[in-house]
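Source file: work-v7.txt; contents: compact mmCIF, C-alpha atoms.
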```
# COMPACT_ATOMS: atom_id res chain seq x y z
CA MET M 1 22.45 33.72 28.27
CA THR M 2 25.10 33.65 30.95
CA TRP M 3 24.05 32.22 34.30
CA ARG M 4 25.56 33.96 37.22
CA ASN M 5 26.40 32.79 40.65
CA ASP M 6 23.48 33.44 42.97
CA SER M 7 25.69 33.66 46.03
CA ARG M 8 26.05 37.42 45.88
CA SER M 9 24.83 39.45 48.78
CA ASN M 10 21.44 41.10 48.75
CA ASN M 11 23.09 44.51 48.87
CA ASP M 12 24.72 43.82 45.52
CA ALA M 13 21.34 42.97 44.09
CA GLY M 14 20.11 46.43 45.00
CA ARG M 15 22.88 48.07 43.04
CA ASP M 16 21.97 46.18 39.92
CA ASP M 17 18.33 47.10 40.07
CA ALA M 18 18.38 49.34 37.06
CA ALA M 19 19.87 47.23 34.33
CA GLY M 20 21.88 44.12 33.65
CA ARG M 21 23.03 42.12 30.69
CA ASN M 22 20.63 41.63 27.81
CA GLY M 23 18.45 44.37 29.21
CA PHE M 24 17.48 42.42 32.32
CA SER M 25 18.34 43.44 35.83
CA HIS M 26 20.40 41.27 38.14
CA ARG M 27 17.46 41.18 40.47
CA ALA M 28 15.28 39.63 37.77
CA GLU M 29 17.97 37.12 36.92
CA ARG M 30 18.36 36.16 40.54
CA LEU M 31 14.62 35.88 40.88
CA LEU M 32 14.60 33.58 37.89
CA VAL M 33 17.26 31.40 39.50
CA ARG M 34 15.15 31.31 42.64
CA VAL M 35 12.12 30.41 40.58
CA LEU M 36 13.95 27.59 38.83
CA LEU M 37 15.30 26.24 42.12
CA SER M 38 11.82 26.37 43.57
CA LEU M 39 10.56 24.56 40.52
CA ARG M 40 13.17 21.87 41.02
CA ARG M 41 12.16 21.35 44.63
CA GLU M 42 8.59 20.69 43.58
CA ALA M 43 9.62 17.43 41.94
CA ARG M 44 11.29 16.18 45.10
CA HIS M 45 9.56 14.45 47.93
CA SER M 46 7.62 16.63 50.29
CA SER M 47 8.43 17.00 53.96
CA ASP M 48 5.45 14.84 54.72
CA ARG M 49 6.89 11.56 53.51
CA ALA M 50 4.40 9.61 55.56
CA LEU M 51 1.56 11.19 53.61
CA ASP M 52 3.29 10.46 50.29
CA ALA M 53 3.84 6.86 51.35
CA GLN M 54 0.22 6.49 52.44
CA ARG M 55 -1.02 7.86 49.14
CA ALA M 56 1.25 5.46 47.25
CA GLU M 57 -0.01 2.52 49.30
CA ASP M 58 -3.63 3.54 48.69
CA LEU M 59 -3.09 3.84 44.98
CA ALA M 60 -1.31 0.48 44.86
CA ASP M 61 -4.32 -1.05 46.60
CA VAL M 62 -6.67 0.53 44.09
CA ILE M 63 -4.62 -0.81 41.19
CA LEU M 64 -4.42 -4.32 42.64
CA SER M 65 -8.08 -4.43 43.69
CA ASP M 66 -8.92 -3.76 40.07
CA PHE M 67 -7.14 -6.97 39.02
CA PRO M 68 -10.19 -9.32 39.20
CA ARG M 69 -12.12 -7.00 36.96
CA ARG M 70 -9.31 -7.29 34.46
CA VAL M 71 -9.46 -11.07 34.56
CA ILE M 72 -13.24 -11.29 34.05
CA PRO M 73 -13.21 -10.47 30.32
CA PHE M 74 -10.58 -13.16 29.73
CA GLY M 75 -12.68 -15.64 31.73
CA ILE M 76 -15.76 -14.78 29.72
CA ALA M 77 -13.82 -15.15 26.48
CA ALA M 78 -12.47 -18.55 27.56
CA LEU M 79 -15.96 -19.72 28.56
CA ALA M 80 -17.39 -18.59 25.24
CA LEU M 81 -14.64 -20.45 23.40
CA ILE M 82 -15.31 -23.67 25.33
CA THR M 83 -19.05 -23.35 24.70
CA LEU M 84 -18.41 -22.83 21.00
CA VAL M 85 -16.12 -25.85 20.76
CA CYS M 86 -18.60 -28.06 22.63
CA SER M 87 -21.51 -26.99 20.49
CA MET M 88 -19.68 -27.54 17.21
CA PRO M 89 -21.22 -31.04 16.55
CA LEU M 90 -24.73 -29.71 17.12
CA LEU M 91 -24.03 -26.74 14.93
CA ARG M 92 -22.71 -29.04 12.22
CA ASP M 93 -25.86 -31.15 12.32
CA ALA M 94 -27.97 -28.04 12.25
CA MET M 95 -26.04 -26.77 9.24
CA VAL M 96 -26.50 -30.10 7.42
CA GLY M 97 -30.24 -30.00 8.13
CA VAL M 98 -30.48 -26.48 6.82
CA SER M 99 -28.53 -27.29 3.67
CA ASP M 100 -30.76 -30.37 2.93
CA GLY M 101 -33.86 -28.31 3.24
CA SER M 102 -35.48 -31.09 5.32
CA ALA M 103 -36.09 -31.30 9.00
CA ALA M 104 -33.00 -30.99 11.15
CA VAL M 105 -33.80 -34.20 13.03
CA VAL M 106 -33.52 -36.38 9.93
CA PRO M 107 -29.72 -36.71 9.98
CA VAL M 108 -29.84 -37.50 13.66
CA ALA M 109 -32.53 -40.17 13.06
CA ASN M 110 -30.43 -41.63 10.27
CA VAL M 111 -27.44 -41.82 12.51
CA VAL M 112 -29.45 -43.52 15.24
CA GLU M 113 -31.05 -45.96 12.80
CA SER M 114 -27.80 -46.95 11.14
CA SER M 115 -26.25 -47.35 14.55
CA LEU M 116 -29.08 -49.66 15.63
CA ARG M 117 -28.74 -51.67 12.44
CA ASN M 118 -25.05 -52.11 12.94
CA HIS M 119 -25.67 -53.04 16.52
CA GLY M 120 -28.35 -55.56 15.46
CA ALA M 121 -26.07 -57.05 12.84
CA ALA M 122 -23.33 -57.45 15.38
CA MET M 123 -25.78 -59.07 17.78
CA SER M 124 -27.00 -61.55 15.17
CA ASP M 125 -23.42 -62.31 14.19
CA GLY M 126 -22.71 -63.03 17.81
CA ILE M 127 -25.69 -65.29 18.13
CA GLU M 128 -24.68 -67.16 14.98
CA THR M 129 -21.20 -67.60 16.36
CA ILE M 130 -22.56 -68.97 19.60
CA ARG M 131 -24.79 -71.35 17.69
CA ALA M 132 -21.88 -72.52 15.57
CA VAL M 133 -19.88 -73.22 18.70
CA VAL M 134 -22.73 -74.89 20.50
CA SER M 135 -24.11 -76.96 17.57
CA PRO M 136 -21.54 -79.85 17.73
CA PHE M 137 -22.60 -80.45 21.28
CA ALA M 138 -26.25 -80.14 20.54
CA GLY M 139 -26.49 -83.76 19.03
CA GLU M 140 -24.83 -85.41 22.02
CA SER M 141 -26.99 -83.63 24.45
CA ALA M 142 -30.02 -84.70 22.42
CA ALA M 143 -28.88 -88.34 22.44
CA GLU M 144 -28.15 -88.16 26.13
CA SER M 145 -31.53 -86.78 26.77
CA ALA M 146 -33.03 -89.57 24.59
CA ASN M 147 -31.08 -92.23 26.53
CA ASP M 148 -32.36 -90.78 29.70
CA GLU M 149 -35.83 -91.10 28.39
CA VAL M 150 -35.16 -94.79 27.38
CA GLU M 151 -33.70 -95.57 30.73
CA LYS M 152 -36.69 -94.19 32.31
CA VAL M 153 -38.83 -96.68 30.35
CA VAL M 154 -36.85 -99.73 31.62
CA PRO M 155 -38.46 -101.23 34.66
CA PRO M 156 -36.58 -100.64 37.85
CA SER M 157 -36.13 -104.31 38.62
CA VAL M 158 -34.38 -104.98 35.32
CA ALA M 159 -32.37 -101.90 35.32
CA ALA M 160 -31.05 -102.60 38.77
CA ALA M 161 -29.53 -105.93 37.66
CA PRO M 162 -25.91 -105.37 36.72
CA PHE M 163 -25.41 -108.57 34.87
CA LYS M 164 -27.33 -110.41 32.25
CA LYS M 165 -29.48 -113.12 33.43
CA SER M 166 -28.12 -116.52 32.71
CA MET I 1 13.78 8.72 41.36
CA LEU I 2 15.04 5.16 41.14
CA ASP I 3 18.31 4.30 39.47
CA PRO I 4 17.88 2.35 36.21
CA GLN I 5 18.88 -1.03 37.66
CA THR I 6 16.62 -0.75 40.70
CA GLU I 7 13.86 0.53 38.47
CA ARG I 8 14.16 -2.49 36.15
CA LYS I 9 14.03 -4.94 39.03
CA THR I 10 11.10 -3.13 40.61
CA ILE I 11 9.20 -3.20 37.33
CA GLN I 12 9.83 -6.94 36.96
CA ARG I 13 8.44 -7.51 40.45
CA ALA I 14 5.48 -5.24 39.74
CA ARG I 15 4.72 -7.23 36.59
CA ARG I 16 4.28 -10.31 38.76
CA GLY I 17 1.74 -8.41 40.84
CA ASP I 18 4.07 -7.62 43.75
CA ARG I 19 2.12 -4.99 45.66
CA GLU I 20 5.19 -3.58 47.40
CA ALA I 21 6.94 -3.06 44.06
CA ILE I 22 3.92 -1.23 42.69
CA ALA I 23 3.80 0.98 45.77
CA GLU I 24 7.54 1.62 45.40
CA LEU I 25 7.12 2.82 41.81
CA ILE I 26 4.27 5.08 42.86
CA ARG I 27 6.25 6.47 45.80
CA ALA I 28 9.17 7.25 43.52
CA TYR I 29 7.28 9.04 40.77
CA GLN I 30 3.94 10.27 42.10
CA ARG I 31 5.14 13.61 43.38
CA PRO I 32 7.36 14.49 40.39
CA LEU I 33 4.51 13.61 38.03
CA GLU I 34 1.98 15.62 40.00
CA ALA I 35 4.32 18.60 40.09
CA PHE I 36 4.86 18.36 36.34
CA LEU I 37 1.15 18.06 35.57
CA PHE I 38 0.27 20.81 38.02
CA ARG I 39 2.63 23.22 36.28
CA LEU I 40 1.19 22.25 32.92
CA CYS I 41 -2.47 22.68 33.90
CA GLY I 42 -2.37 24.91 36.99
CA LYS I 43 -4.88 22.83 38.97
CA SER I 44 -3.68 20.64 41.81
CA ASP I 45 -6.81 18.47 41.97
CA LEU I 46 -6.68 17.78 38.29
CA ALA I 47 -2.95 17.09 38.44
CA GLU I 48 -3.55 14.58 41.23
CA ASP I 49 -6.39 12.85 39.39
CA ILE I 50 -4.49 12.65 36.12
CA SER I 51 -1.41 11.41 37.95
CA GLN I 52 -3.40 8.58 39.55
CA GLU I 53 -4.99 7.66 36.26
CA ALA I 54 -1.55 7.62 34.61
CA PHE I 55 -0.25 5.23 37.26
CA VAL I 56 -3.26 2.94 36.90
CA ARG I 57 -2.78 2.76 33.14
CA VAL I 58 0.97 2.35 33.25
CA ILE I 59 0.97 -0.40 35.86
CA ARG I 60 -1.85 -2.23 34.11
CA SER I 61 0.21 -2.17 30.92
CA LEU I 62 3.56 -3.07 32.45
CA ASP I 63 3.73 -6.16 30.25
CA ARG I 64 4.04 -3.88 27.24
CA PHE I 65 6.79 -1.75 28.76
CA ASP I 66 10.00 -1.74 26.75
CA GLU I 67 12.84 -1.94 29.25
CA ARG I 68 15.22 -0.13 26.92
CA PHE I 69 13.48 3.07 27.93
CA ARG I 70 13.07 4.76 31.29
CA PHE I 71 9.89 4.17 33.22
CA SER I 72 9.65 7.86 34.05
CA THR I 73 9.68 8.80 30.36
CA TRP I 74 6.81 6.45 29.69
CA LEU I 75 4.87 7.57 32.73
CA PHE I 76 5.26 11.25 31.97
CA THR I 77 4.25 10.72 28.34
CA ILE I 78 1.06 8.96 29.39
CA GLY I 79 0.37 11.59 32.04
CA LYS I 80 0.75 14.38 29.54
CA ARG I 81 -1.48 12.64 27.00
CA LEU I 82 -4.17 12.11 29.61
CA LEU I 83 -3.99 15.78 30.54
CA VAL I 84 -4.20 16.89 26.92
CA ASN I 85 -7.19 14.61 26.39
CA HIS I 86 -8.86 16.04 29.47
CA GLN I 87 -8.16 19.61 28.42
CA GLN I 88 -9.62 18.92 25.00
CA LYS I 89 -12.86 17.83 26.68
CA MET I 90 -13.00 20.64 29.24
CA ARG I 91 -11.79 24.16 29.10
CA PRO I 92 -9.32 24.87 31.90
CA THR I 93 -10.67 27.08 34.67
CA ALA I 94 -8.91 29.67 36.79
CA ASP I 95 -6.16 28.23 38.92
CA SER I 96 -7.56 29.59 42.16
CA ASP I 97 -6.29 26.63 44.13
CA PHE I 98 -2.71 27.49 43.32
CA ILE I 99 -2.02 29.10 46.67
CA GLU I 100 -3.74 26.25 48.46
CA TYR I 101 -1.47 23.76 46.70
CA ARG I 102 1.65 25.68 47.53
CA ALA I 103 0.55 26.27 51.10
CA SER I 104 0.16 22.55 51.55
CA ASP I 105 3.71 22.19 50.30
CA ALA I 106 5.15 24.54 52.86
CA ARG I 107 8.16 23.00 54.50
CA THR I 108 7.87 25.14 57.59
CA PRO I 109 5.47 24.96 60.51
CA ALA I 110 2.24 26.83 59.91
CA THR I 111 3.01 29.18 62.77
CA GLU I 112 5.91 30.73 60.87
CA THR I 113 3.74 33.14 58.95
CA ILE I 114 6.58 35.16 57.46
CA GLU I 115 8.21 32.14 55.95
CA ILE I 116 4.92 31.00 54.50
CA GLU I 117 4.36 34.41 52.95
CA ARG I 118 7.82 34.31 51.43
CA THR I 119 7.16 30.85 50.07
CA GLN I 120 3.92 32.06 48.60
CA GLN I 121 5.69 35.00 47.00
CA VAL I 122 8.20 32.69 45.38
CA SER I 123 5.35 30.45 44.33
CA LYS I 124 3.61 33.40 42.78
CA MET I 125 6.80 34.20 40.88
CA VAL I 126 7.02 30.62 39.69
CA GLU I 127 3.43 30.82 38.56
CA ILE I 128 4.03 34.06 36.69
CA ALA I 129 7.19 32.75 35.07
CA ILE I 130 5.60 29.47 33.97
CA GLU I 131 2.42 31.17 32.80
CA SER I 132 4.47 33.33 30.47
CA LEU I 133 5.62 30.27 28.54
CA VAL I 134 3.89 28.78 25.54
CA SER I 135 3.91 25.20 24.33
CA PRO I 136 6.32 23.45 23.92
CA GLN I 137 8.57 25.81 25.90
CA ARG I 138 6.64 25.20 29.10
CA GLU I 139 6.99 21.47 28.81
CA ILE I 140 10.69 21.70 27.98
CA VAL I 141 11.36 24.02 30.92
CA LEU I 142 9.47 21.73 33.28
CA LEU I 143 11.23 18.61 32.06
CA PHE I 144 14.65 20.28 32.21
CA HIS I 145 14.43 22.44 35.32
CA GLN I 146 11.76 20.72 37.36
CA GLN I 147 12.30 17.08 36.48
CA GLY I 148 16.03 17.29 35.80
CA TRP I 149 15.88 15.55 32.44
CA SER I 150 18.81 15.97 30.09
CA VAL I 151 18.51 17.81 26.78
CA GLN I 152 19.02 14.45 25.05
CA GLN I 153 16.15 12.86 26.97
CA ILE I 154 13.84 15.75 26.16
CA SER I 155 14.92 15.62 22.55
CA THR I 156 14.01 11.93 22.34
CA GLU I 157 10.75 12.36 24.21
CA LEU I 158 9.53 15.31 22.16
CA SER I 159 11.00 14.03 18.89
CA MET I 160 12.89 17.21 18.16
CA PRO I 161 16.60 17.92 17.58
CA GLU I 162 18.71 18.72 20.61
CA GLY I 163 19.54 22.12 19.12
CA THR I 164 15.84 22.95 18.99
CA VAL I 165 15.41 21.93 22.63
CA LYS I 166 18.31 24.18 23.65
CA SER I 167 16.88 27.00 21.60
CA HIS I 168 13.49 26.61 23.29
CA LEU I 169 15.18 26.60 26.70
CA PHE I 170 17.04 29.78 25.88
CA ARG I 171 13.91 31.55 24.65
CA ALA I 172 11.89 30.26 27.59
CA ARG I 173 14.36 31.69 30.09
CA ARG I 174 14.22 35.05 28.37
CA ARG I 175 10.44 34.98 28.46
CA MET I 176 10.47 34.13 32.16
CA LEU I 177 12.97 36.87 32.87
CA ASP I 178 10.81 39.30 30.98
CA ALA I 179 7.72 38.21 32.93
CA ILE I 180 9.55 38.53 36.26
CA GLU I 181 10.90 41.93 35.27
CA ARG I 182 7.42 43.15 34.43
CA THR I 183 5.97 42.07 37.78
CA GLY I 184 7.98 44.68 39.66
CA VAL I 185 8.11 42.79 42.94
CA ARG I 186 7.46 45.17 45.81
CA ASN I 187 9.84 43.55 48.24
CA PRO I 188 12.40 41.67 46.17
CA GLU I 189 14.64 41.10 49.18
CA ASP I 190 11.92 38.98 50.77
CA VAL I 191 11.81 36.80 47.74
CA LEU I 192 15.54 36.60 47.28
CA ARG I 193 16.36 35.91 50.89
```
Can you present the structure in this file as structure tokens?
Amino acid sequence: MTWRNDSRSNNDAGRDDAAGRNGFSHRAERLLVRVLLSLRREARHSSDRALDAQRAEDLADVILSDFPRRVIPFGIAALALITLVCSMPLLRDAMVGVSDGSAAVVPVANVVESSLRNHGAAMSDGIETIRAVVSPFAGESAAESANDEVEKVVPPSVAAAPFKKS
Amino acid sequence: MLDPQTERKTIQRARRGDREAIAELIRAYQRPLEAFLFRLCGKSDLAEDISQEAFVRVIRSLDRFDERFRFSTWLFTIGKRLLVNHQQKMRPTADSDFIEYRASDARTPATETIEIERTQQVSKMVEIAIESLVSPQREIVLLFHQQGWSVQQISTELSMPEGTVKSHLFRARRRMLDAIERTGVRNPEDVLR
């Protein structure tokens, strides 16, 4: 199809009413050009730019106000992950209990008992160590205490004399 | 329409949650998208709703946007898909609000009745011409004549050879001419003025 210049006068259009190229009249072709130009204008901004701008601002607000709702699922997912990680030891114990076929508290009791035993052993080792350190001094202190007791037996008048009696 | 460089920068800002950048993208493409969707479905309210939904989806998914392509191409594709999905759910009704839409688009003061009538006549012609087209001719005509896309862009977007796009354009123009010819406009001079 050949596109013609639409700048012709309206009088010319009247002359071509009957027929044109390809069986279409010039009037129809010019109408089509007008239609296509009108179509093109639709995609451009309207005369009311303020209204367009306001609508754009409103929509931007709607989109941004929706942001927290977008974040919530991620927050929930993160919280669930943390909960899962924190509950892993309990889950493991529970799984062990289930696999043993006995009560779930048994492994926990075993852990506590063995911990207490170890703690007790360490305590007794400590006490033994202290005794070993203290024992060399234990004899002297006993002798000193015995001397004290002897001195106490000596009469004060004798004990007060610094020199032997001649 | 934004030039590619400005568009890229605006998208990068919008990705960071810059409200002004988001508003800028909407300002640039809202009206072209609405016009495109309106001509596809014939309902201004629906076109507006679908357009808004398309913007919400596109801006939410900006992280996934491939910058090798044009934002408008992506936006229009999503808009069209949303419209098709909607139309599959609901049968389209009569486009009785067509005149209302066009009247709201009048570039002249409301007091100039003659001019408004002329505008409405042209609008009616546009409606008749577009209504005469079938898919994908309608979409190709709208993208080419309304949105100003190149044949190459349309070819990429619709995944069809450029020759096929040109062929559809040619046939579409003939169909529109035929439809206009059949209307037998009473006062063609009013329309052509």
Against chain M, which residues of chain I fall within 7 Å? For each one I want the closest pair of atoms and the distance in Å (one decimal), counting only C-alpha atoms, rows by chain and increasing residue number, as CSV.
```
residue,atom,partner,partner_atom,distance
I:Arg19,CA,M:Ala60,CA,6.5
I:Ile22,CA,M:Ala60,CA,5.9
I:Ala23,CA,M:Ala60,CA,5.2
I:Ile26,CA,M:Ala56,CA,5.3
I:Arg27,CA,M:Ala56,CA,5.3
I:Arg31,CA,M:Ala43,CA,6.1
I:Pro32,CA,M:Ala43,CA,4.0
I:Ala35,CA,M:Ala43,CA,5.7
I:Val56,CA,M:Ile63,CA,5.9
I:Asp105,CA,M:Ser46,CA,6.8
I:Arg107,CA,M:Ser47,CA,6.0
I:Val122,CA,M:Val35,CA,6.6
I:Met125,CA,M:Val35,CA,6.5
I:Val126,CA,M:Val35,CA,5.2
I:His145,CA,M:Arg40,CA,5.9
I:Gln146,CA,M:Arg40,CA,4.1
I:Gln147,CA,M:Ala43,CA,6.1
I:Leu177,CA,M:Ala28,CA,6.1
I:Ile180,CA,M:Ala28,CA,6.0
I:Glu181,CA,M:Ala28,CA,5.5
I:Glu189,CA,M:Asn10,CA,6.8
I:Leu192,CA,M:Leu31,CA,6.5
```
Within 12 Å of region 149-165 of chain I, counting only C-alpha atoms, which residues qualify if same-chain residues fewer than 6 places away don't, as a PDB file with C-alpha atoms, in the frame of the given file?
```
ATOM      1  CA  ARG M  40      13.170  21.870  41.020  1.00  0.00           C
ATOM      2  CA  ALA M  43       9.620  17.430  41.940  1.00  0.00           C
TER       3      ALA M  43
ATOM      4  CA  MET I   1      13.780   8.720  41.360  1.00  0.00           C
ATOM      5  CA  PRO I  32       7.360  14.490  40.390  1.00  0.00           C
ATOM      6  CA  PHE I  69      13.480   3.070  27.930  1.00  0.00           C
ATOM      7  CA  ARG I  70      13.070   4.760  31.290  1.00  0.00           C
ATOM      8  CA  SER I  72       9.650   7.860  34.050  1.00  0.00           C
ATOM      9  CA  THR I  73       9.680   8.800  30.360  1.00  0.00           C
ATOM     10  CA  TRP I  74       6.810   6.450  29.690  1.00  0.00           C
ATOM     11  CA  LEU I  75       4.870   7.570  32.730  1.00  0.00           C
ATOM     12  CA  PHE I  76       5.260  11.250  31.970  1.00  0.00           C
ATOM     13  CA  THR I  77       4.250  10.720  28.340  1.00  0.00           C
ATOM     14  CA  ILE I  78       1.060   8.960  29.390  1.00  0.00           C
ATOM     15  CA  LYS I  80       0.750  14.380  29.540  1.00  0.00           C
ATOM     16  CA  SER I 135       3.910  25.200  24.330  1.00  0.00           C
ATOM     17  CA  PRO I 136       6.320  23.450  23.920  1.00  0.00           C
ATOM     18  CA  GLN I 137       8.570  25.810  25.900  1.00  0.00           C
ATOM     19  CA  ARG I 138       6.640  25.200  29.100  1.00  0.00           C
ATOM     20  CA  GLU I 139       6.990  21.470  28.810  1.00  0.00           C
ATOM     21  CA  ILE I 140      10.690  21.700  27.980  1.00  0.00           C
ATOM     22  CA  VAL I 141      11.360  24.020  30.920  1.00  0.00           C
ATOM     23  CA  LEU I 142       9.470  21.730  33.280  1.00  0.00           C
ATOM     24  CA  LEU I 143      11.230  18.610  32.060  1.00  0.00           C
ATOM     25  CA  ARG I 171      13.910  31.550  24.650  1.00  0.00           C
ATOM     26  CA  ALA I 172      11.890  30.260  27.590  1.00  0.00           C
TER      27      ALA I 172
END
```
Margin query: Please compute the CA of Arg81 (chain I)-CA of Ala54 (chain I) distance, one decimal, in Å.
Written below: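 Separation of CA of Arg81 (chain I) and CA of Ala54 (chain I): 9.1 Å.
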Check: With distances taken over all atoms listed in the file, which of I:Ser44, I:Thr119, I:Gln87, I:Gln52 is nearest to Tyr29 (chain I)?
Finding: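 Checking each candidate against Tyr29 (chain I), we get I:Gln52 as the closest.
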Next item on the list: Using CA of Thr6 (chain I) and CA of Ser51 (chain I) as the two end points, give the distance in Å to one decimal.
Entry: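 We find that CA of Thr6 (chain I) and CA of Ser51 (chain I) lie 21.9 Å from each other.
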Item checked: Among listed residues I:Asp178, I:Glu131, I:Asp18, I:Asp3, nearest Gly42 (chain I) (using all atoms listed in the file) ->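 Nearest to Gly42 (chain I): I:Glu131.
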Item checked: Atom pair CA of Ile130 (chain I) / CA of Met176 (chain I): separation (Å) ->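 Atom-to-atom, CA of Ile130 (chain I) and CA of Met176 (chain I) are spaced 7.0 Å apart.
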Can you report as AutoDock Vina command-line options the centre and edge lengths in Å, to one decimal, of an axis-aligned box around the listed atoms of region 54-66 of chain M padded with 3 Å on each side?
```
--center_x -3.8 --center_y 1.7 --center_z 46.3 --size_x 16.2 --size_y 18.3 --size_z 18.4
```
Margin query: Counting only C-alpha atoms, which residue out of I:Thr10, I:Ser132, I:Gln120, I:Asn85 sits closest to Arg173 (chain I)?
Written below: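 Nearest to Arg173 (chain I): I:Ser132.
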